[in-house]
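What follows is query_32.txt (compact mmCIF, C-alpha atoms).
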# COMPACT_ATOMS: atom_id res chain seq x y z
CA LEU B 1 -82.59 -36.63 125.97
CA THR B 2 -82.38 -39.32 123.28
CA ARG B 3 -83.97 -38.45 119.94
CA SER B 4 -84.63 -40.55 116.87
CA PHE B 5 -84.48 -39.30 113.31
CA ALA B 6 -85.90 -40.66 110.07
CA SER B 7 -82.50 -40.59 108.39
CA ALA B 8 -78.86 -40.94 109.38
CA PRO B 9 -76.90 -37.76 110.11
CA PRO B 10 -74.45 -36.48 107.52
CA LEU B 11 -71.06 -38.11 107.76
CA PRO B 12 -68.40 -35.98 109.44
CA LEU B 13 -66.17 -34.03 107.04
CA PHE B 14 -63.04 -35.02 108.84
CA ASP B 15 -59.75 -36.60 107.88
CA LEU B 16 -59.65 -39.76 109.96
CA ASP B 17 -55.86 -39.74 109.99
CA GLY B 18 -56.30 -37.68 113.14
CA PHE B 19 -56.29 -34.20 114.55
CA GLY B 20 -54.26 -32.99 117.52
CA ALA B 21 -54.26 -29.87 119.63
CA LEU B 22 -51.24 -28.54 117.76
CA ASP B 23 -52.74 -29.04 114.29
CA ARG B 24 -53.88 -25.94 112.47
CA VAL B 25 -57.58 -25.13 112.76
CA ALA B 26 -57.67 -24.37 109.03
CA SER B 27 -56.93 -28.03 108.29
CA VAL B 28 -60.48 -29.00 109.30
CA HIS B 29 -63.48 -28.35 107.07
CA PRO B 30 -65.31 -25.22 108.33
CA ARG B 31 -68.63 -27.04 108.03
CA GLU B 32 -67.46 -29.69 110.46
CA TRP B 33 -66.28 -27.06 112.94
CA ALA B 34 -69.73 -25.45 112.62
CA ARG B 35 -71.48 -28.80 113.16
CA GLN B 36 -69.55 -29.59 116.32
CA LEU B 37 -69.98 -26.08 117.73
CA THR B 38 -73.70 -26.30 116.95
CA ARG B 39 -74.03 -29.64 118.72
CA ARG B 40 -72.50 -28.19 121.87
CA GLU B 41 -74.54 -24.99 121.81
CA PHE B 42 -77.88 -26.65 121.10
CA ASP B 43 -77.25 -29.16 123.91
CA LEU B 44 -76.97 -26.28 126.39
CA LEU B 45 -79.87 -24.32 124.88
CA GLU B 46 -82.08 -27.40 125.21
CA ARG B 47 -81.31 -27.64 128.94
CA ILE B 48 -82.37 -24.08 129.84
CA GLY B 49 -85.50 -24.10 132.00
CA PRO B 50 -88.06 -21.27 132.07
CA SER B 51 -87.18 -20.30 135.65
CA GLU B 52 -83.60 -19.55 134.54
CA LEU B 53 -84.92 -16.69 132.41
CA LEU B 54 -87.17 -15.06 135.00
CA ARG B 55 -86.27 -11.94 137.01
CA GLN B 56 -82.69 -11.87 135.68
CA ALA B 57 -81.85 -15.11 137.44
CA TRP B 58 -78.59 -15.27 135.45
CA ALA B 59 -77.32 -12.02 137.01
CA GLY B 60 -78.25 -12.28 140.70
CA ALA B 61 -76.22 -13.31 143.71
CA GLU B 62 -77.50 -16.90 143.41
CA LYS B 63 -77.09 -17.07 139.65
CA LYS B 64 -75.10 -20.32 139.65
CA ALA B 65 -77.94 -22.10 141.39
CA ARG B 66 -80.80 -20.32 139.64
CA ALA B 67 -79.52 -20.25 136.04
CA PRO B 68 -76.77 -22.88 135.58
CA ASN B 69 -77.52 -23.63 131.93
CA VAL B 70 -77.80 -19.98 130.90
CA LEU B 71 -74.42 -19.37 132.50
CA ALA B 72 -73.00 -22.48 130.83
CA LEU B 73 -74.06 -21.26 127.38
CA VAL B 74 -72.74 -17.76 128.08
CA GLY B 75 -69.49 -19.27 129.34
CA LEU B 76 -69.18 -21.42 126.22
CA ALA B 77 -69.70 -18.34 124.04
CA ASN B 78 -66.97 -16.45 125.91
CA ALA B 79 -64.58 -19.39 125.62
CA THR B 80 -65.31 -19.79 121.91
CA ALA B 81 -64.68 -16.08 121.28
CA ALA B 82 -61.37 -16.33 123.14
CA TRP B 83 -60.48 -19.44 121.10
CA VAL B 84 -61.19 -17.55 117.86
CA ALA B 85 -58.87 -14.72 118.89
CA SER B 86 -56.19 -17.17 120.07
CA VAL B 87 -56.30 -19.08 116.76
CA VAL B 88 -55.67 -15.90 114.76
CA LEU B 89 -52.99 -14.62 117.11
CA SER B 90 -51.16 -17.96 117.18
CA GLU B 91 -49.96 -17.44 113.60
CA ALA B 92 -46.72 -15.45 113.40
CA GLU B 93 -46.70 -15.22 109.60
CA LEU B 94 -49.01 -12.60 108.05
CA CYS B 95 -50.22 -14.93 105.31
CA ALA B 96 -50.99 -17.77 107.75
CA ARG B 97 -52.73 -15.32 110.05
CA ALA B 98 -54.95 -14.09 107.20
CA GLU B 99 -55.64 -17.72 106.27
CA ALA B 100 -56.71 -18.55 109.84
CA TYR B 101 -58.85 -15.41 110.01
CA GLY B 102 -60.54 -16.27 106.72
CA HIS B 103 -61.15 -19.85 107.79
CA LEU B 104 -62.94 -18.64 110.91
CA VAL B 105 -65.09 -16.37 108.74
CA ASP B 106 -66.01 -19.53 106.81
CA VAL B 107 -66.89 -21.28 110.09
CA ALA B 108 -69.16 -18.37 111.03
CA ALA B 109 -70.84 -18.56 107.62
CA GLU B 110 -71.32 -22.33 108.01
CA CYS B 111 -72.89 -21.74 111.44
CA LEU B 112 -75.31 -19.34 109.77
CA ALA B 113 -76.09 -21.96 107.10
CA LEU B 114 -76.99 -24.33 109.95
CA ARG B 115 -79.14 -21.54 111.44
CA ASN B 116 -76.85 -21.47 114.47
CA PHE B 117 -77.06 -17.73 114.99
CA ASN B 118 -75.47 -18.00 118.42
CA GLY B 119 -72.37 -19.57 116.87
CA THR B 120 -72.15 -16.87 114.20
CA PHE B 121 -72.45 -14.10 116.78
CA THR B 122 -69.84 -15.76 118.99
CA ILE B 123 -67.23 -16.14 116.23
CA LEU B 124 -67.75 -12.56 115.08
CA ALA B 125 -67.36 -11.45 118.71
CA GLY B 126 -63.97 -13.17 118.77
CA LEU B 127 -62.90 -11.42 115.59
CA GLU B 128 -64.06 -8.11 117.06
CA LEU B 129 -61.99 -8.41 120.24
CA ALA B 130 -59.56 -5.49 120.43
CA SER B 131 -56.50 -7.72 120.01
CA VAL B 132 -57.79 -9.00 116.64
CA HIS B 133 -59.77 -5.98 115.46
CA ARG B 134 -56.63 -3.83 115.39
CA LEU B 135 -54.78 -6.18 113.00
CA LYS B 136 -55.14 -4.00 109.91
CA ALA B 137 -52.51 -5.80 107.85
CA THR B 138 -54.10 -9.17 108.61
CA LYS B 139 -57.52 -8.00 107.47
CA GLY B 140 -55.94 -6.32 104.48
CA ALA B 141 -54.48 -9.66 103.40
CA LEU B 142 -57.82 -11.49 103.47
CA ALA B 143 -59.02 -13.11 100.27
CA PRO B 144 -61.72 -11.04 98.51
CA ARG B 145 -64.44 -13.62 99.23
CA HIS B 146 -63.60 -13.53 102.93
CA ARG B 147 -63.79 -9.73 103.02
CA ALA B 148 -67.22 -9.87 101.35
CA ALA B 149 -68.45 -12.61 103.70
CA LEU B 150 -67.13 -10.73 106.73
CA GLU B 151 -68.95 -7.56 105.69
CA ASP B 152 -72.23 -9.47 105.31
CA LEU B 153 -71.87 -11.27 108.64
CA THR B 154 -70.94 -8.03 110.41
CA ASP B 155 -74.16 -6.51 109.07
CA LEU B 156 -76.12 -9.49 110.45
CA VAL B 157 -74.78 -9.07 114.00
CA SER B 158 -75.02 -5.28 113.95
CA TYR B 159 -76.88 -3.48 116.74
CA SER B 160 -78.53 -1.33 114.06
CA ALA B 161 -82.28 -0.78 114.55
CA ASN B 162 -82.43 -3.12 117.55
CA ARG B 163 -80.79 -5.92 115.54
CA ARG B 164 -83.47 -5.70 112.89
CA ARG B 165 -81.78 -7.93 110.32
CA TYR B 166 -81.01 -10.68 112.82
CA ARG B 167 -84.56 -10.67 114.19
CA ARG B 168 -85.96 -10.81 110.66
CA GLU B 169 -83.74 -13.73 109.65
CA LEU B 170 -84.45 -15.66 112.85
CA GLU B 171 -88.18 -15.23 112.35
CA ALA B 172 -87.90 -16.56 108.78
CA ALA B 173 -85.63 -19.48 109.71
CA THR B 174 -86.99 -23.03 109.90
CA PRO B 175 -85.92 -24.99 113.01
CA PRO B 176 -83.68 -26.47 114.12
CA CYS B 177 -82.08 -23.19 115.12
CA VAL B 178 -79.83 -21.88 117.85
CA PRO B 179 -80.92 -18.28 118.38
CA TYR B 180 -78.48 -15.77 119.80
CA LEU B 181 -79.03 -16.01 123.56
CA GLY B 182 -77.75 -12.48 124.15
CA VAL B 183 -80.78 -10.93 122.44
CA PHE B 184 -83.18 -12.91 124.64
CA LEU B 185 -81.29 -11.85 127.76
CA THR B 186 -81.26 -8.22 126.66
CA ASP B 187 -85.00 -8.27 125.91
CA LEU B 188 -85.74 -9.87 129.28
CA THR B 189 -83.56 -7.34 131.08
CA PHE B 190 -85.45 -4.44 129.51
CA LEU B 191 -88.74 -6.12 130.39
CA GLU B 192 -87.71 -6.54 134.02
CA GLN B 193 -86.11 -3.15 134.57
CA GLY B 194 -88.32 -1.05 132.32
CA ASN B 195 -91.73 -2.22 133.49
CA PRO B 196 -93.18 -2.03 137.00
CA ALA B 197 -94.57 -5.14 138.66
CA THR B 198 -97.84 -3.37 139.33
CA VAL B 199 -99.82 -0.56 137.71
CA GLU B 200 -102.05 1.99 139.36
CA VAL B 201 -105.64 1.95 138.21
CA ALA B 202 -108.27 4.50 139.14
CA ALA B 203 -111.06 3.05 141.22
CA PRO B 204 -114.66 3.51 140.14
CA CYS B 205 -116.86 6.07 141.86
CA GLY B 206 -113.94 8.20 142.97
CA GLY B 207 -112.43 5.71 145.39
CA PRO B 208 -108.68 5.43 146.06
CA PRO B 209 -106.56 4.07 143.16
CA ARG B 210 -105.79 0.39 143.18
CA GLN B 211 -102.49 -1.40 142.54
CA LEU B 212 -102.98 -4.22 140.06
CA VAL B 213 -100.58 -6.79 138.65
CA ASN B 214 -98.97 -5.50 135.46
CA TRP B 215 -100.44 -8.23 133.29
CA SER B 216 -98.92 -6.87 130.07
CA LYS B 217 -95.43 -7.38 131.55
CA HIS B 218 -96.19 -11.03 132.29
CA GLN B 219 -97.60 -11.49 128.79
CA ALA B 220 -94.41 -10.07 127.29
CA TYR B 221 -92.36 -12.41 129.49
CA ALA B 222 -94.47 -15.35 128.30
CA ARG B 223 -93.87 -14.48 124.65
CA VAL B 224 -90.08 -14.54 125.12
CA LEU B 225 -90.18 -17.80 127.09
CA GLU B 226 -92.41 -19.35 124.44
CA ASP B 227 -89.91 -18.32 121.76
CA VAL B 228 -87.10 -20.05 123.65
CA ARG B 229 -89.22 -23.16 124.17
CA PHE B 230 -90.07 -23.21 120.45
CA TYR B 231 -86.40 -23.38 119.45
CA GLN B 232 -85.70 -26.06 122.05
CA GLN B 233 -88.18 -28.48 120.48
CA SER B 234 -86.40 -29.22 117.17
CA ALA B 235 -83.02 -30.90 117.54
CA TYR B 236 -80.17 -31.16 115.04
CA ASN B 237 -79.42 -34.46 113.35
CA LEU B 238 -75.63 -34.13 113.47
CA ALA B 239 -73.09 -36.85 114.15
CA PRO B 240 -70.44 -36.41 116.82
CA CYS B 241 -66.82 -36.20 115.69
CA LEU B 242 -64.87 -37.48 118.67
CA PRO B 243 -61.45 -35.93 117.85
CA LEU B 244 -63.00 -32.48 117.49
CA GLU B 245 -65.18 -32.97 120.55
CA LEU B 246 -62.12 -33.84 122.60
CA TYR B 247 -60.23 -30.89 121.15
CA LEU B 248 -63.00 -28.42 121.97
CA GLU B 249 -63.63 -29.89 125.40
CA CYS B 250 -60.12 -30.61 126.61
CA ALA B 251 -57.47 -28.96 124.46
CA VAL B 252 -59.00 -25.54 123.80
CA PRO B 253 -59.01 -24.45 127.48
CA GLN B 254 -55.26 -25.11 127.55
CA LEU B 255 -54.64 -23.07 124.40
CA LEU B 256 -56.57 -19.92 125.25
CA LEU B 257 -54.81 -16.62 125.79
CA ASP B 258 -56.35 -14.25 128.34
CA GLU B 259 -57.14 -10.67 127.29
CA ASP B 260 -53.77 -9.28 128.39
CA GLU B 261 -51.89 -12.07 126.62
CA GLN B 262 -53.99 -11.56 123.51
CA TYR B 263 -53.21 -7.87 123.32
CA GLU B 264 -49.52 -8.37 124.05
CA ARG B 265 -49.33 -10.94 121.27
CA SER B 266 -51.24 -8.62 118.94
CA LEU B 267 -48.71 -5.84 119.54
CA GLN B 268 -45.87 -8.26 118.82
CA LEU B 269 -47.44 -9.24 115.50
CA GLU B 270 -48.35 -5.73 114.36
CA PRO B 271 -46.61 -3.20 116.63
CA ARG B 272 -48.30 0.07 117.51
CA GLY B 273 -47.05 2.83 115.25
CA GLU B 274 -46.52 0.35 112.43
CA ASP B 275 -50.17 -0.07 111.56
CA GLU B 276 -49.54 0.33 107.88
CA LEU B 277 -47.23 -2.33 106.46
CA PRO B 278 -45.85 -1.70 102.98
CA ALA B 279 -48.59 -2.19 100.40
CA ALA B 280 -46.42 -4.63 98.48
CA CYS B 281 -46.00 -6.79 101.60
CA VAL B 282 -49.74 -6.91 102.27
CA ALA B 283 -50.47 -7.57 98.59
CA ALA B 284 -48.01 -10.46 98.50
CA ALA B 285 -49.55 -11.93 101.66
CA ALA B 286 -53.04 -11.52 100.20
CA GLU B 287 -51.98 -13.29 97.02
CA GLU B 288 -50.47 -16.17 98.95
CA ALA B 289 -53.52 -16.35 101.24
CA ALA B 290 -55.78 -16.52 98.17
CA ARG B 291 -53.63 -19.31 96.69
CA ARG B 292 -53.81 -21.29 99.93
CA ASP B 293 -57.54 -20.64 100.18
CA SER B 294 -58.05 -22.01 96.67
CA ALA B 295 -56.02 -25.12 97.44
CA ARG B 296 -57.84 -25.64 100.72
CA LYS B 297 -61.24 -25.27 99.04
CA ALA B 298 -60.26 -27.90 96.49
CA GLY B 299 -59.26 -30.25 99.30
CA MET B 300 -62.53 -29.56 101.13
CA ARG B 301 -64.51 -30.32 97.96
CA ARG B 302 -62.72 -33.66 97.63
CA LEU B 303 -63.60 -34.44 101.25
CA GLU B 304 -67.25 -33.52 100.62
CA GLU B 305 -67.35 -35.74 97.51
CA ALA B 306 -65.84 -38.66 99.40
CA ALA B 307 -68.39 -38.22 102.21
CA ASP B 308 -71.24 -38.07 99.68
CA GLN B 309 -70.02 -41.24 97.94
CA LEU B 310 -69.70 -43.08 101.26
CA ALA B 311 -73.18 -41.94 102.33
CA ALA B 312 -74.65 -43.11 99.00
CA SER B 313 -72.91 -46.47 99.39
CA CYS B 314 -74.31 -46.83 102.92
CA ARG B 315 -77.82 -46.08 101.66
CA GLU B 316 -77.48 -48.66 98.88
CA HIS B 317 -76.29 -51.29 101.36
CA ALA B 318 -79.18 -50.47 103.69
CA ILE B 319 -81.71 -50.82 100.87
CA ALA B 320 -80.15 -54.09 99.76
CA ARG B 321 -80.22 -55.42 103.33
CA ARG B 322 -83.91 -54.55 103.74
CA GLU B 323 -84.69 -56.28 100.41
CA ARG B 324 -82.84 -59.41 101.52
CA GLU B 325 -84.64 -59.42 104.87
CA ALA B 326 -88.01 -58.91 103.17
CA SER B 327 -87.27 -61.67 100.67
CA ALA B 328 -86.31 -64.05 103.44
CA ALA B 329 -89.60 -63.25 105.18
CA GLY B 330 -91.53 -63.86 101.97
CA LEU B 331 -92.62 -60.22 101.66
CA GLU B 332 -92.71 -58.00 98.60
CA VAL B 333 -90.57 -54.86 98.67

Representation of the structure as structure tokens:
Amino acid sequence: LTRSFASAPPLPLFDLDGFGALDRVASVHPREWARQLTRREFDLLERIGPSELLRQAWAGAEKKARAPNVLALVGLANATAAWVASVVLSEAELCARAEAYGHLVDVAAECLALRNFNGTFTILAGLELASVHRLKATKGALAPRHRAALEDLTDLVSYSANRRRYRRELEAATPPCVPYLGVFLTDLTFLEQGNPATVEVAAPCGGPPRQLVNWSKHQAYARVLEDVRFYQQSAYNLAPCLPLELYLECAVPQLLLDEDEQYERSLQLEPRGEDELPAACVAAAAEEAARRDSARKAGMRRLEEAADQLAASCREHAIARREREASAAGLEV
């Protein structure tokens, strides 16, 4: 589906010198990671048809035929969570590991700023995988701002009160949005399994009871499907970044560790029985991680400023071109 927008998309926050599969994820602006993840996730959300959400089509024997786009978005979420864990576990040095962890927290926060709730949930799921969750020293070496952001994001994705905070924030959000698909699927599962297809109604004049269609169940189904359709209508105006697209599409599958490999690597990095590294060691790593974080933020700000200046220059050139064209046509601007 081709869409047109009134304005150009924001310029990618990417160093055009290049990015390869072996480059560190923390070298790319977290906002640009969030943009490219959001582009991929919204593309799949937009493709989901109503029939894919009916009668647990995504879980049946013919799920691949009945719900291909639901499965594609679920599969992307699983791959992204595995990528998050693999990125953290790829760093042998404690400080670098804390830096990578913190950068992914920033990516999750940038997804939330884009109202890509699915992306935020997925990244937090990767950080909550057992192989990463157990890394006490790594989390202890996080910069203070990353610990605060992680606590807030963890509260957002919490199961508490049927995900009350998430539901409240999604309801208040202005599209475009990528809602967390897992909540829709959970709600639909409860609707299907917890409500009968028909209800028994007493017949008038003492006749035998009648079985009628459970209309309230179908109304509840319709409300969920309408919610999904609502979020499919408003697309993101985000530019593709080909190097990152290629990385996410082609390189990431080659870099992922499976669950057993993740846990084995985790034990190598922080062996069982040595959960508590010396406080001085963790403090030194935290200090170095904070220094690197500060330097990286300064570099990201310079990249943002350069993108803003280039965008302003492009706008000025566009205005000047329209004025020249109007003048040549004898029109007033």

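Compared by their closest atoms to Ala113 of chain B, and using all atoms listed in the file, the residues B:Leu269, B:Leu256, B:Cys205, B:Leu170 rank with B:Leu170 nearest.
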
Legend entry - atom CA of Asp106 of chain B to atom CA of Arg134 of chain B, straight-line distance in Å: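 Result for atom CA of Arg134 of chain B versus atom CA of Asp106 of chain B: 20.2 Å, one decimal.
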
Legend entry - Between atom CA of Val88 of chain B and atom CA of Cys250 of chain B - distance in Å to one decimal: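 Atom-to-atom, atom CA of Cys250 of chain B and atom CA of Val88 of chain B are spaced 19.4 Å apart.
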
Inset, instruction - Could you jot down the atom CA of Tyr180 of chain B to atom CA of Val107 of chain B separation for me, Å, one decimal place? - result: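 Separation between atom CA of Tyr180 of chain B and atom CA of Val107 of chain B: 16.1 Å.
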
Inset, instruction - Please provide the set of residues having any atom within 6 Å of segment 143-160 of chain B, restricted to all atoms listed in the file, with same-chain residues fewer than 6 positions apart removed, written as a list in words. - result: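 Everything that qualifies: Gly102, Tyr166 and Ala290 of chain B.
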
Inset, instruction - For each of B:Ala141, B:Ala59, B:Ala85, B:Leu238, take the minimum atom-to-atom distance to Arg31 of chain B, counting only C-alpha atoms, then give the residue where this is smallest. - result: B:Leu238

Inset, instruction - Choose the residue, out of B:Val199, B:Cys241, B:Leu13, B:Val132, that has the smallest atom-to-atom separation from Ser90 of chain B; count all atoms listed in the file. - result: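 With all atoms listed in the file as the atom set, the closest residue is B:Val132.
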
Using all atoms listed in the file, what table do you get, as a Markdown table, when you list each residue of segment 142-221 of chain B with an atom no more than 12 Å from segment 66-79 of chain B, its nearest pair of atoms, and their distance in Å rounded to one decimal, rows by chain then rising number?
| residue | atom | partner | partner_atom | distance |
| --- | --- | --- | --- | --- |
| B:Val178 | CA | B:Leu73 | CA | 11.2 |
| B:Pro179 | CA | B:Leu73 | CA | 11.7 |
| B:Tyr180 | CA | B:Ala77 | CA | 10.1 |
| B:Leu181 | CA | B:Val74 | CA | 7.9 |
| B:Gly182 | CA | B:Val74 | CA | 8.3 |
| B:Val183 | CA | B:Val74 | CA | 12.0 |
| B:Phe184 | CA | B:Val70 | CA | 10.9 |
| B:Leu185 | CA | B:Val70 | CA | 9.4 |

How close does each residue of segment 17-103 of chain B get to segment 258-265 of chain B, giving the shortest atom pair and distance in Å to one decimal for every residue with an atom at most 8 Å away, counting all atoms listed in the file, sorted by chain and residue number, as JSON lines?
{"residue": "B:Ala82", "atom": "CA", "partner": "B:Asp258", "partner_atom": "CA", "distance": 7.5}
{"residue": "B:Ala85", "atom": "CA", "partner": "B:Gln262", "partner_atom": "CA", "distance": 7.4}
{"residue": "B:Ser86", "atom": "CA", "partner": "B:Gln262", "partner_atom": "CA", "distance": 6.9}
{"residue": "B:Leu89", "atom": "CA", "partner": "B:Arg265", "partner_atom": "CA", "distance": 6.7}

Legend entry - Distance query Tyr221 of chain B at most 12 Å, only C-alpha atoms, self and fewer than 3 positions along chain excluded, as a list in words: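 My reading of the contact set: Pro50, Ser51, Leu53, Leu54, Arg55, Gln56, Phe184, Leu185, Asp187, Leu188, Thr189, Phe190, Leu191, Glu192, Asn195, Ala197, Asn214, Trp215, Ser216, Lys217, His218, Val224, Leu225, Glu226, Asp227 and Val228 of chain B.
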
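Distance annotation: of B:Ala172, B:Ala203, B:Ala235, B:Leu112, the residue with the minimal separation from Pro9 of chain B is B:Ala235; atom set is all atoms listed in the file.
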
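With distances restricted to only C-alpha atoms, B:Ile123 is the closest residue to Cys111 of chain B from B:Ala173, B:Ala61, B:Ala328, B:Ile123.
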
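Closest approach to Glu270 of chain B from the set B:Thr120, B:Ser4, B:Ser294, B:Ser131 is made by B:Ser131, with distances taken over all atoms listed in the file.
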
Legend entry - Shell around Lys139 of chain B at 8 Å using all atoms listed in the file, local window under 4 positions removed, as a PyMOL selection string: chain B and resi 98+101+135+147

Inset, instruction - With a distance cut-off of 8 Å and only C-alpha atoms, select the neighbouring residues of Arg39 of chain B, excluding the residue or stretch itself and same-chain residues fewer than 4 positions from it, and output the selection as a list of chain:residue names. - result: B:Arg35, B:Asp43, B:Tyr236, B:Leu238, B:Pro240
